[in-house]
2 protein chains.
Amino acid sequence: MGRWEPNASGRLREAALELYIERGYELTTVAEIAARAGLTARTFFRHFADKREVLFAGSTSLQDQLVTTLEGAPRSASPMEAVAAALDTAAELLGENREFSRRRQLVIAANAELRERELIKMATLSGALADGLRQRGVADPIARLAAEAGIAVFRVAFERWVGEPEDRGLAQVMREALDELKALTGAQVPARRR
Amino acid sequence: MGRWEPNASGRLREAALELYIERGYELTTVAEIAARAGLTARTFFRHFADKREVLFAGSTSLQDQLVTTLEGAPRSASPMEAVAAALDTAAELLGENREFSRRRQLVIAANAELRERELIKMATLSGALADGLRQRGVADPIARLAAEAGIAVFRVAFERWVGEPEDRGLAQVMREALDELKALTGAQVPARRR
(Lines give C-alpha, C1' and ligand atoms only; values in the text may rest on other atoms or scores of the structure.)
Protein backbone atom coordinates (compact mmCIF):
# COMPACT_ATOMS: atom_id res chain seq x y z
CA MET A 1 0.00 0.00 0.00
CA GLY A 2 1.31 3.43 -0.92
CA ARG A 3 1.05 6.39 1.37
CA TRP A 4 -2.15 8.43 1.42
CA GLU A 5 -2.16 11.22 -1.17
CA PRO A 6 -4.59 14.11 -0.68
CA ASN A 7 -7.14 14.24 -3.52
CA ALA A 8 -5.07 11.88 -5.69
CA SER A 9 -8.06 11.06 -7.84
CA GLY A 10 -8.88 14.70 -8.62
CA ARG A 11 -5.22 15.52 -9.33
CA LEU A 12 -4.97 12.54 -11.71
CA ARG A 13 -8.12 13.53 -13.56
CA GLU A 14 -6.90 17.10 -13.98
CA ALA A 15 -3.44 15.96 -15.11
CA ALA A 16 -4.93 13.48 -17.58
CA LEU A 17 -7.22 16.11 -19.08
CA GLU A 18 -4.34 18.57 -19.46
CA LEU A 19 -2.22 15.98 -21.25
CA TYR A 20 -5.05 14.71 -23.46
CA ILE A 21 -5.60 18.27 -24.66
CA GLU A 22 -1.91 19.13 -25.01
CA ARG A 23 -0.73 16.06 -26.88
CA GLY A 24 -3.82 13.98 -27.62
CA TYR A 25 -5.40 11.07 -25.82
CA GLU A 26 -3.67 8.39 -27.92
CA LEU A 27 -0.15 9.65 -27.23
CA THR A 28 -0.54 10.10 -23.47
CA THR A 29 0.66 7.33 -21.14
CA VAL A 30 -0.39 6.49 -17.60
CA ALA A 31 3.20 7.15 -16.45
CA GLU A 32 2.99 10.68 -17.83
CA ILE A 33 -0.36 11.34 -16.18
CA ALA A 34 0.98 10.17 -12.83
CA ALA A 35 4.15 12.24 -13.21
CA ARG A 36 2.17 15.38 -14.10
CA ALA A 37 0.05 14.86 -10.98
CA GLY A 38 3.18 14.32 -8.87
CA LEU A 39 2.11 10.73 -8.15
CA THR A 40 3.18 7.23 -9.11
CA ALA A 41 1.65 4.90 -11.72
CA ARG A 42 0.87 2.56 -8.81
CA THR A 43 -1.29 5.28 -7.28
CA PHE A 44 -2.94 5.85 -10.67
CA PHE A 45 -3.96 2.21 -10.84
CA ARG A 46 -5.39 2.32 -7.34
CA HIS A 47 -7.91 4.86 -8.66
CA PHE A 48 -8.49 3.99 -12.33
CA ALA A 49 -8.35 0.82 -14.42
CA ASP A 50 -6.70 2.57 -17.38
CA LYS A 51 -6.25 5.96 -19.04
CA ARG A 52 -9.69 5.78 -20.63
CA GLU A 53 -11.51 5.28 -17.34
CA VAL A 54 -10.12 8.55 -15.95
CA LEU A 55 -12.67 10.21 -18.21
CA PHE A 56 -15.52 7.95 -17.11
CA ALA A 57 -14.99 7.84 -13.37
CA GLY A 58 -18.22 8.69 -11.65
CA SER A 59 -20.48 7.12 -14.31
CA THR A 60 -21.66 4.42 -11.94
CA SER A 61 -22.27 6.87 -9.13
CA LEU A 62 -24.14 9.21 -11.51
CA GLN A 63 -26.30 6.31 -12.62
CA ASP A 64 -27.03 5.21 -9.06
CA GLN A 65 -28.05 8.70 -8.04
CA LEU A 66 -30.31 9.20 -11.05
CA VAL A 67 -32.06 5.90 -10.33
CA THR A 68 -32.42 6.81 -6.65
CA THR A 69 -34.08 10.10 -7.63
CA LEU A 70 -36.35 8.31 -10.07
CA GLU A 71 -37.41 5.82 -7.44
CA GLY A 72 -37.95 8.57 -4.89
CA ALA A 73 -40.24 10.67 -7.10
CA PRO A 74 -43.82 10.97 -5.78
CA ARG A 75 -46.05 8.05 -6.76
CA SER A 76 -48.31 10.55 -8.53
CA ALA A 77 -45.50 11.70 -10.85
CA SER A 78 -45.89 10.73 -14.51
CA PRO A 79 -43.04 8.80 -16.16
CA MET A 80 -41.66 11.99 -17.73
CA GLU A 81 -41.97 13.89 -14.44
CA ALA A 82 -39.92 11.17 -12.73
CA VAL A 83 -37.35 11.33 -15.56
CA ALA A 84 -37.28 15.14 -15.27
CA ALA A 85 -36.49 14.81 -11.56
CA ALA A 86 -33.61 12.48 -12.43
CA LEU A 87 -32.33 15.06 -14.94
CA ASP A 88 -32.37 17.71 -12.21
CA THR A 89 -30.15 15.43 -10.15
CA ALA A 90 -27.82 14.97 -13.13
CA ALA A 91 -27.60 18.74 -13.51
CA GLU A 92 -26.74 19.10 -9.83
CA LEU A 93 -23.98 16.48 -10.05
CA LEU A 94 -22.48 17.52 -13.38
CA GLY A 95 -23.25 21.22 -13.46
CA GLU A 96 -20.63 22.40 -11.02
CA ASN A 97 -17.55 22.56 -13.18
CA ARG A 98 -18.42 23.59 -16.70
CA GLU A 99 -14.81 24.21 -17.68
CA PHE A 100 -13.87 20.63 -16.78
CA SER A 101 -16.89 19.27 -18.68
CA ARG A 102 -16.09 21.42 -21.68
CA ARG A 103 -12.52 20.17 -21.87
CA ARG A 104 -13.58 16.56 -21.31
CA GLN A 105 -16.08 16.88 -24.18
CA LEU A 106 -13.33 18.18 -26.50
CA VAL A 107 -11.16 15.16 -25.73
CA ILE A 108 -14.02 12.72 -26.27
CA ALA A 109 -15.14 14.33 -29.52
CA ALA A 110 -11.62 13.94 -30.93
CA ASN A 111 -11.34 10.16 -30.42
CA ALA A 112 -13.52 7.40 -31.89
CA GLU A 113 -12.87 4.94 -29.04
CA LEU A 114 -13.92 7.55 -26.47
CA ARG A 115 -17.01 8.51 -28.44
CA GLU A 116 -18.01 4.83 -28.44
CA ARG A 117 -17.39 4.56 -24.71
CA GLU A 118 -19.59 7.62 -24.20
CA LEU A 119 -22.36 6.05 -26.33
CA ILE A 120 -22.19 2.92 -24.21
CA LYS A 121 -22.36 4.98 -21.03
CA MET A 122 -25.47 6.76 -22.30
CA ALA A 123 -27.11 3.51 -23.42
CA THR A 124 -26.39 1.98 -20.00
CA LEU A 125 -27.86 5.03 -18.30
CA SER A 126 -30.97 4.78 -20.46
CA GLY A 127 -31.31 1.10 -19.55
CA ALA A 128 -31.02 1.94 -15.84
CA LEU A 129 -33.67 4.65 -16.09
CA ALA A 130 -36.00 2.26 -17.92
CA ASP A 131 -35.47 -0.33 -15.16
CA GLY A 132 -36.20 2.33 -12.55
CA LEU A 133 -39.44 3.22 -14.32
CA ARG A 134 -40.45 -0.45 -14.48
CA GLN A 135 -39.86 -0.58 -10.71
CA ARG A 136 -42.39 2.24 -10.49
CA GLY A 137 -44.90 0.11 -12.35
CA VAL A 138 -44.46 1.74 -15.76
CA ALA A 139 -44.88 -0.87 -18.50
CA ASP A 140 -42.85 -1.26 -21.66
CA PRO A 141 -42.56 0.29 -24.20
CA ILE A 142 -43.45 3.44 -22.21
CA ALA A 143 -40.60 2.84 -19.75
CA ARG A 144 -38.04 2.53 -22.54
CA LEU A 145 -39.43 5.48 -24.51
CA ALA A 146 -39.44 7.77 -21.48
CA ALA A 147 -35.89 6.73 -20.59
CA GLU A 148 -34.65 7.25 -24.17
CA ALA A 149 -36.38 10.62 -24.36
CA GLY A 150 -34.76 11.62 -21.07
CA ILE A 151 -31.33 10.61 -22.31
CA ALA A 152 -31.88 12.51 -25.57
CA VAL A 153 -32.65 15.64 -23.54
CA PHE A 154 -29.63 14.99 -21.33
CA ARG A 155 -27.20 14.66 -24.26
CA VAL A 156 -28.49 17.58 -26.26
CA ALA A 157 -28.65 19.87 -23.21
CA PHE A 158 -25.22 18.84 -21.97
CA GLU A 159 -23.55 19.56 -25.32
CA ARG A 160 -25.37 22.85 -25.56
CA TRP A 161 -24.40 23.86 -22.04
CA VAL A 162 -20.68 23.18 -22.53
CA GLY A 163 -20.72 24.97 -25.90
CA GLU A 164 -22.46 28.19 -24.93
CA PRO A 165 -20.41 31.34 -24.31
CA GLU A 166 -21.86 31.92 -20.83
CA ASP A 167 -22.78 29.42 -18.11
CA ARG A 168 -26.57 29.54 -17.72
CA GLY A 169 -26.58 26.56 -15.39
CA LEU A 170 -27.03 23.00 -16.59
CA ALA A 171 -30.40 22.57 -14.83
CA GLN A 172 -31.88 25.48 -16.76
CA VAL A 173 -30.54 24.25 -20.11
CA MET A 174 -31.93 20.75 -19.37
CA ARG A 175 -35.39 22.06 -18.51
CA GLU A 176 -35.36 24.19 -21.64
CA ALA A 177 -34.45 21.16 -23.79
CA LEU A 178 -37.20 19.13 -22.15
CA ASP A 179 -39.71 21.88 -22.91
CA GLU A 180 -38.45 21.98 -26.50
CA LEU A 181 -38.92 18.23 -26.82
CA LYS A 182 -42.47 18.60 -25.51
CA ALA A 183 -43.19 21.39 -27.99
CA LEU A 184 -41.68 19.33 -30.82
CA THR A 185 -43.60 16.16 -30.18
CA GLY A 186 -46.77 18.04 -29.28
CA ALA A 187 -46.64 20.30 -32.32
CA GLN A 188 -49.14 18.32 -34.37
CA VAL A 189 -51.68 17.45 -31.69
CA PRO A 190 -55.18 17.85 -33.15
CA ALA A 191 -54.46 17.63 -36.91
CA ARG A 192 -51.88 14.91 -36.39
CA ARG A 193 -53.01 12.35 -38.95
CA ARG A 194 -53.26 13.69 -42.47
CA MET B 1 -12.34 -11.81 -60.64
CA GLY B 2 -14.49 -14.81 -59.66
CA ARG B 3 -17.46 -15.90 -61.67
CA TRP B 4 -20.81 -14.29 -61.09
CA GLU B 5 -22.78 -15.92 -58.31
CA PRO B 6 -26.54 -15.36 -58.20
CA ASN B 7 -27.54 -13.49 -55.01
CA ALA B 8 -24.15 -14.13 -53.38
CA SER B 9 -24.67 -11.32 -50.90
CA GLY B 10 -28.06 -12.63 -49.69
CA ARG B 11 -26.75 -16.20 -49.43
CA LEU B 12 -23.75 -15.03 -47.42
CA ARG B 13 -25.95 -13.05 -45.02
CA GLU B 14 -28.27 -15.98 -44.50
CA ALA B 15 -25.35 -18.41 -43.99
CA ALA B 16 -23.67 -16.01 -41.54
CA LEU B 17 -26.83 -15.59 -39.50
CA GLU B 18 -27.38 -19.36 -39.33
CA LEU B 19 -23.83 -19.93 -38.10
CA TYR B 20 -23.89 -17.03 -35.63
CA ILE B 21 -27.00 -18.55 -34.06
CA GLU B 22 -25.78 -22.16 -34.16
CA ARG B 23 -22.28 -21.69 -32.77
CA GLY B 24 -22.02 -18.04 -31.76
CA TYR B 25 -20.64 -14.99 -33.56
CA GLU B 26 -17.19 -15.20 -31.97
CA LEU B 27 -16.56 -18.79 -33.04
CA THR B 28 -17.67 -18.42 -36.66
CA THR B 29 -15.07 -17.77 -39.37
CA VAL B 30 -15.43 -16.17 -42.78
CA ALA B 31 -14.30 -19.47 -44.39
CA GLU B 32 -17.20 -21.26 -42.68
CA ILE B 33 -19.72 -18.65 -43.77
CA ALA B 34 -18.55 -18.88 -47.38
CA ALA B 35 -18.60 -22.71 -47.27
CA ARG B 36 -22.14 -22.76 -45.85
CA ALA B 37 -23.25 -20.44 -48.65
CA GLY B 38 -21.49 -22.63 -51.24
CA LEU B 39 -19.13 -19.79 -52.10
CA THR B 40 -15.46 -18.91 -51.60
CA ALA B 41 -13.89 -16.59 -49.02
CA ARG B 42 -12.76 -14.47 -51.97
CA THR B 43 -16.40 -13.97 -52.94
CA PHE B 44 -17.21 -13.13 -49.31
CA PHE B 45 -14.64 -10.34 -49.31
CA ARG B 46 -16.00 -8.90 -52.54
CA HIS B 47 -19.24 -8.26 -50.64
CA PHE B 48 -18.26 -7.61 -47.01
CA ALA B 49 -15.22 -6.19 -45.26
CA ASP B 50 -15.40 -8.75 -42.43
CA LYS B 51 -17.78 -11.04 -40.57
CA ARG B 52 -19.17 -8.16 -38.50
CA GLU B 53 -20.16 -6.10 -41.51
CA VAL B 54 -22.40 -8.91 -42.81
CA LEU B 55 -24.80 -7.79 -40.08
CA PHE B 56 -24.52 -4.11 -40.93
CA ALA B 57 -24.70 -4.21 -44.71
CA GLY B 58 -27.32 -1.76 -45.86
CA SER B 59 -26.78 0.77 -43.03
CA THR B 60 -25.46 3.40 -45.42
CA SER B 61 -28.24 2.84 -47.90
CA LEU B 62 -30.84 2.99 -45.09
CA GLN B 63 -29.34 6.26 -43.91
CA ASP B 64 -29.32 7.76 -47.40
CA GLN B 65 -32.94 6.85 -47.97
CA LEU B 66 -34.08 8.25 -44.63
CA VAL B 67 -32.31 11.52 -45.35
CA THR B 68 -33.80 11.66 -48.85
CA THR B 69 -37.29 11.23 -47.39
CA LEU B 70 -36.60 13.90 -44.77
CA GLU B 71 -35.41 16.33 -47.42
CA GLY B 72 -38.39 15.55 -49.63
CA ALA B 73 -41.01 16.17 -46.93
CA PRO B 74 -43.31 19.16 -47.69
CA ARG B 75 -41.84 22.50 -46.63
CA SER B 76 -44.86 22.95 -44.37
CA ALA B 77 -44.05 19.76 -42.41
CA SER B 78 -42.92 20.31 -38.82
CA PRO B 79 -39.56 18.78 -37.76
CA MET B 80 -41.33 15.81 -36.15
CA GLU B 81 -43.55 15.31 -39.20
CA ALA B 82 -40.45 15.16 -41.40
CA VAL B 83 -38.87 12.69 -38.97
CA ALA B 84 -42.08 10.63 -38.94
CA ALA B 85 -41.94 10.45 -42.75
CA ALA B 86 -38.35 9.18 -42.51
CA LEU B 87 -39.51 6.54 -40.00
CA ASP B 88 -42.17 5.38 -42.48
CA THR B 89 -39.40 4.89 -45.03
CA ALA B 90 -37.38 2.93 -42.48
CA ALA B 91 -40.38 0.71 -41.81
CA GLU B 92 -40.77 0.07 -45.53
CA LEU B 93 -37.13 -0.87 -45.94
CA LEU B 94 -36.73 -2.95 -42.79
CA GLY B 95 -40.22 -4.29 -42.29
CA GLU B 96 -40.23 -6.93 -45.00
CA ASN B 97 -38.45 -9.79 -43.30
CA ARG B 98 -39.27 -9.89 -39.62
CA GLU B 99 -37.77 -13.34 -39.13
CA PHE B 100 -34.40 -12.18 -40.44
CA SER B 101 -34.54 -9.05 -38.24
CA ARG B 102 -35.49 -11.11 -35.21
CA ARG B 103 -32.57 -13.48 -35.64
CA ARG B 104 -30.15 -10.63 -36.35
CA GLN B 105 -31.31 -8.92 -33.13
CA LEU B 106 -30.64 -12.11 -31.13
CA VAL B 107 -27.08 -12.30 -32.46
CA ILE B 108 -26.41 -8.63 -31.72
CA ALA B 109 -27.87 -8.79 -28.22
CA ALA B 110 -25.51 -11.67 -27.37
CA ASN B 111 -22.26 -9.88 -28.22
CA ALA B 112 -20.83 -6.68 -26.70
CA GLU B 113 -18.83 -5.70 -29.80
CA LEU B 114 -21.96 -5.99 -31.97
CA ARG B 115 -24.07 -4.04 -29.49
CA GLU B 116 -21.49 -1.25 -29.67
CA ARG B 117 -21.49 -1.33 -33.46
CA GLU B 118 -25.28 -1.06 -33.37
CA LEU B 119 -25.09 1.93 -30.99
CA ILE B 120 -22.66 3.62 -33.36
CA LYS B 121 -24.96 2.93 -36.30
CA MET B 122 -27.88 4.52 -34.44
CA ALA B 123 -25.82 7.55 -33.37
CA THR B 124 -24.65 8.02 -36.96
CA LEU B 125 -28.24 7.79 -38.18
CA SER B 126 -29.31 10.37 -35.60
CA GLY B 127 -26.52 12.69 -36.76
CA ALA B 128 -27.61 12.29 -40.37
CA LEU B 129 -31.24 13.07 -39.51
CA ALA B 130 -30.15 16.17 -37.57
CA ASP B 131 -28.09 17.31 -40.58
CA GLY B 132 -31.10 16.73 -42.84
CA LEU B 133 -33.25 18.86 -40.54
CA ARG B 134 -30.65 21.64 -40.55
CA GLN B 135 -30.79 21.53 -44.36
CA ARG B 136 -34.52 22.18 -43.98
CA GLY B 137 -33.72 25.28 -41.96
CA VAL B 138 -34.39 23.75 -38.52
CA ALA B 139 -32.00 25.29 -35.99
CA ASP B 140 -30.18 23.53 -33.17
CA PRO B 141 -30.94 22.26 -30.59
CA ILE B 142 -34.36 21.49 -32.17
CA ALA B 143 -32.75 19.60 -35.06
CA ARG B 144 -30.76 17.37 -32.70
CA LEU B 145 -33.68 16.82 -30.32
CA ALA B 146 -36.07 15.86 -33.12
CA ALA B 147 -33.48 13.49 -34.60
CA GLU B 148 -32.77 11.88 -31.22
CA ALA B 149 -36.47 11.53 -30.48
CA GLY B 150 -36.96 9.90 -33.88
CA ILE B 151 -34.14 7.44 -33.25
CA ALA B 152 -35.56 6.63 -29.80
CA VAL B 153 -38.91 5.79 -31.43
CA PHE B 154 -37.13 3.77 -34.11
CA ARG B 155 -35.16 1.66 -31.61
CA VAL B 156 -38.00 1.03 -29.22
CA ALA B 157 -40.45 0.20 -32.01
CA PHE B 158 -38.00 -2.05 -33.82
CA GLU B 159 -37.24 -4.10 -30.71
CA ARG B 160 -40.92 -4.34 -29.93
CA TRP B 161 -41.80 -5.40 -33.47
CA VAL B 162 -39.24 -8.22 -33.57
CA GLY B 163 -40.27 -9.41 -30.10
CA GLU B 164 -44.03 -9.57 -30.53
CA PRO B 165 -45.71 -12.92 -31.19
CA GLU B 166 -47.44 -11.73 -34.37
CA ASP B 167 -46.22 -9.40 -37.11
CA ARG B 168 -48.33 -6.25 -36.95
CA GLY B 169 -46.17 -4.46 -39.46
CA LEU B 170 -43.23 -2.28 -38.51
CA ALA B 171 -44.86 0.92 -39.80
CA GLN B 172 -47.80 0.48 -37.44
CA VAL B 173 -45.58 -0.26 -34.43
CA MET B 174 -43.45 2.82 -35.24
CA ARG B 175 -46.48 5.12 -35.47
CA GLU B 176 -47.79 3.71 -32.20
CA ALA B 177 -44.45 4.37 -30.49
CA LEU B 178 -44.39 7.91 -31.87
CA ASP B 179 -47.91 8.50 -30.51
CA GLU B 180 -46.80 7.10 -27.16
CA LEU B 181 -43.83 9.46 -27.08
CA LYS B 182 -46.16 12.37 -27.81
CA ALA B 183 -48.50 11.31 -25.03
CA LEU B 184 -45.57 10.85 -22.64
CA THR B 185 -43.94 14.21 -23.24
CA GLY B 186 -47.33 15.88 -23.20
CA ALA B 187 -48.05 14.35 -19.80
CA GLN B 188 -47.79 17.67 -17.97
CA VAL B 189 -50.68 19.16 -19.91
CA PRO B 190 -53.30 19.55 -17.12
CA ALA B 191 -55.99 17.12 -18.29
CA ARG B 192 -53.57 14.19 -18.47
CA ARG B 193 -52.33 14.54 -14.91
CA ARG B 194 -53.39 11.78 -12.59
# chains A, B, ... in the order shown; residues from 1 in each chain; ligands from 1
call {"tool": "interface_residues", "arguments": {"of": "chain B", "to": "chain A", "cutoff": "8 Å", "atoms": "only C-alpha atoms", "output": "ChimeraX atom specification"}}
result
/B:78-81,116,119-120,123,141-142,144-146,148-149,152-153,156,160,177,180-182,184-188,193-194
call {"tool": "calpha_fit_rmsd", "arguments": {"fixed": "chain A", "moving": "chain B"}}
result
1.6 Å
call {"tool": "residues_around", "arguments": {"residues": "B:Glu71", "least_positions_apart": "6", "cutoff": "12 Å", "atoms": "only C-alpha atoms", "output": "ChimeraX atom specification"}}
result
/B:64-65,77,79,81-83,85-86,128-138
